Amino acid sequence: MKNRYLVGGPITPLLISELMTLGNDDNGAGAVSIFIGKVRDDDVNGNRIKALEYSAYGEMAEKEADAIVKTVKAAFSDVRKVLLVHSTGLVRAGEASLFIMVTSGHRDHSARACRHTLEMVKEKLPVWKKEIF
Amino acid sequence: MAARVTVLYFGAAQQVAGHASEEYAADDTLSLRRQIIERHPGIVRVTFRLALNRNLLKEESLLNENDIIAILPPFEGG
């Protein structure tokens, strides 16, 4: 199966730029909401996190991400496009590991659907992380 | 005869098992759980759900030859 939702390593500024271009080909979309999740350099018992190593159940993640996009589109009638990308592998503190972009005709649905997509990713995407110090 | 199935371990379950996957022979997921715990007693410390052929299980299920069962600790994406 083609891997559409998972990317190896961090979601770089270049990839974000490409995704924004990809999702911005629709002149009927008056609103674009974006969420970018980044790795924090949290202090855990005196040790600072340098990176997170993400792993995923790839085949299931693709299926679940597909279902999330379909669910969000069905729940928010004004939504036109939902882009969702999650990292696997090593992502250093300060780098991005999650990108969500939702376009809609008007602002209300893009903002709410973006938040809803994020919550569904947290709940349904089979992804795990290991802290690297 | 028991079905030969593949078990995939993820997250903390993989660290306990020491493998990404293993083969088992079991009639159903309940029997499979018992065998997994026998082989990897430490796994009782890991909270996990099961997926059968990429679908989350809500209850125990019969198993068929070549099924793929995934051991899924709580998701940590985002």
# chains A, B, ... in the order shown; residues from 1 in each chain; ligands from 1
call {"tool": "interface_residues", "arguments": {"of": "chain B", "to": "chain A", "cutoff": "12 Å", "atoms": "only C-alpha atoms", "output": "PyMOL selection string"}}
result
chain B and resi 8-15+20-21+48-56+68-78
call {"tool": "select_by_dssp", "arguments": {"residues": "chain A", "states": "strand (DSSP E)", "output": "ChimeraX atom specification"}}
result
/A:6-8,31-38,43-44,47-48,51-56,79-92,96-104,127-132
call {"tool": "closest_residue", "arguments": {"among": "A:Thr117, A:Ser17, A:Asn47, A:Asn27", "to": "Lys73 in chain A", "atoms": "only C-alpha atoms"}}
result
A:Thr117
call {"tool": "residues_around", "arguments": {"residues": "Met101 in chain A", "least_positions_apart": "5", "cutoff": "7 Å", "atoms": "only C-alpha atoms", "output": "PDB file with N, CA, C and O atoms, in the first residue's frame"}}
result
ATOM      1  N   VAL A  32      -8.007  28.316   5.747  1.00  0.00           N
ATOM      2  CA  VAL A  32      -7.020  27.248   5.880  1.00  0.00           C
ATOM      3  C   VAL A  32      -6.569  27.218   7.339  1.00  0.00           C
ATOM      4  O   VAL A  32      -6.074  28.220   7.851  1.00  0.00           O
ATOM      5  N   SER A  33      -6.759  26.082   8.004  1.00  0.00           N
ATOM      6  CA  SER A  33      -6.272  25.934   9.376  1.00  0.00           C
ATOM      7  C   SER A  33      -5.177  24.883   9.397  1.00  0.00           C
ATOM      8  O   SER A  33      -5.317  23.812   8.794  1.00  0.00           O
ATOM      9  N   ILE A  34      -4.100  25.207  10.099  1.00  0.00           N
ATOM     10  CA  ILE A  34      -2.944  24.304  10.146  1.00  0.00           C
ATOM     11  C   ILE A  34      -2.565  24.050  11.597  1.00  0.00           C
ATOM     12  O   ILE A  34      -2.546  24.980  12.416  1.00  0.00           O
ATOM     13  N   PHE A  35      -2.270  22.789  11.909  1.00  0.00           N
ATOM     14  CA  PHE A  35      -1.691  22.452  13.211  1.00  0.00           C
ATOM     15  C   PHE A  35      -0.365  21.756  12.950  1.00  0.00           C
ATOM     16  O   PHE A  35      -0.283  20.831  12.137  1.00  0.00           O
ATOM     17  N   VAL A  82      -8.478  17.726   3.706  1.00  0.00           N
ATOM     18  CA  VAL A  82      -7.814  17.409   4.973  1.00  0.00           C
ATOM     19  C   VAL A  82      -6.487  16.730   4.643  1.00  0.00           C
ATOM     20  O   VAL A  82      -6.467  15.686   3.998  1.00  0.00           O
ATOM     21  N   LEU A  83      -5.390  17.345   5.046  1.00  0.00           N
ATOM     22  CA  LEU A  83      -4.066  16.736   4.886  1.00  0.00           C
ATOM     23  C   LEU A  83      -3.544  16.368   6.271  1.00  0.00           C
ATOM     24  O   LEU A  83      -3.666  17.158   7.217  1.00  0.00           O
ATOM     25  N   LEU A  84      -2.950  15.195   6.346  1.00  0.00           N
ATOM     26  CA  LEU A  84      -2.501  14.684   7.640  1.00  0.00           C
ATOM     27  C   LEU A  84      -1.218  13.881   7.409  1.00  0.00           C
ATOM     28  O   LEU A  84      -1.206  12.966   6.597  1.00  0.00           O
ATOM     29  N   CYS A 114      -9.929  21.035  12.136  1.00  0.00           N
ATOM     30  CA  CYS A 114      -8.494  20.851  12.375  1.00  0.00           C
ATOM     31  C   CYS A 114      -8.287  20.308  13.790  1.00  0.00           C
ATOM     32  O   CYS A 114      -7.549  19.339  14.002  1.00  0.00           O
TER      33      CYS A 114
END
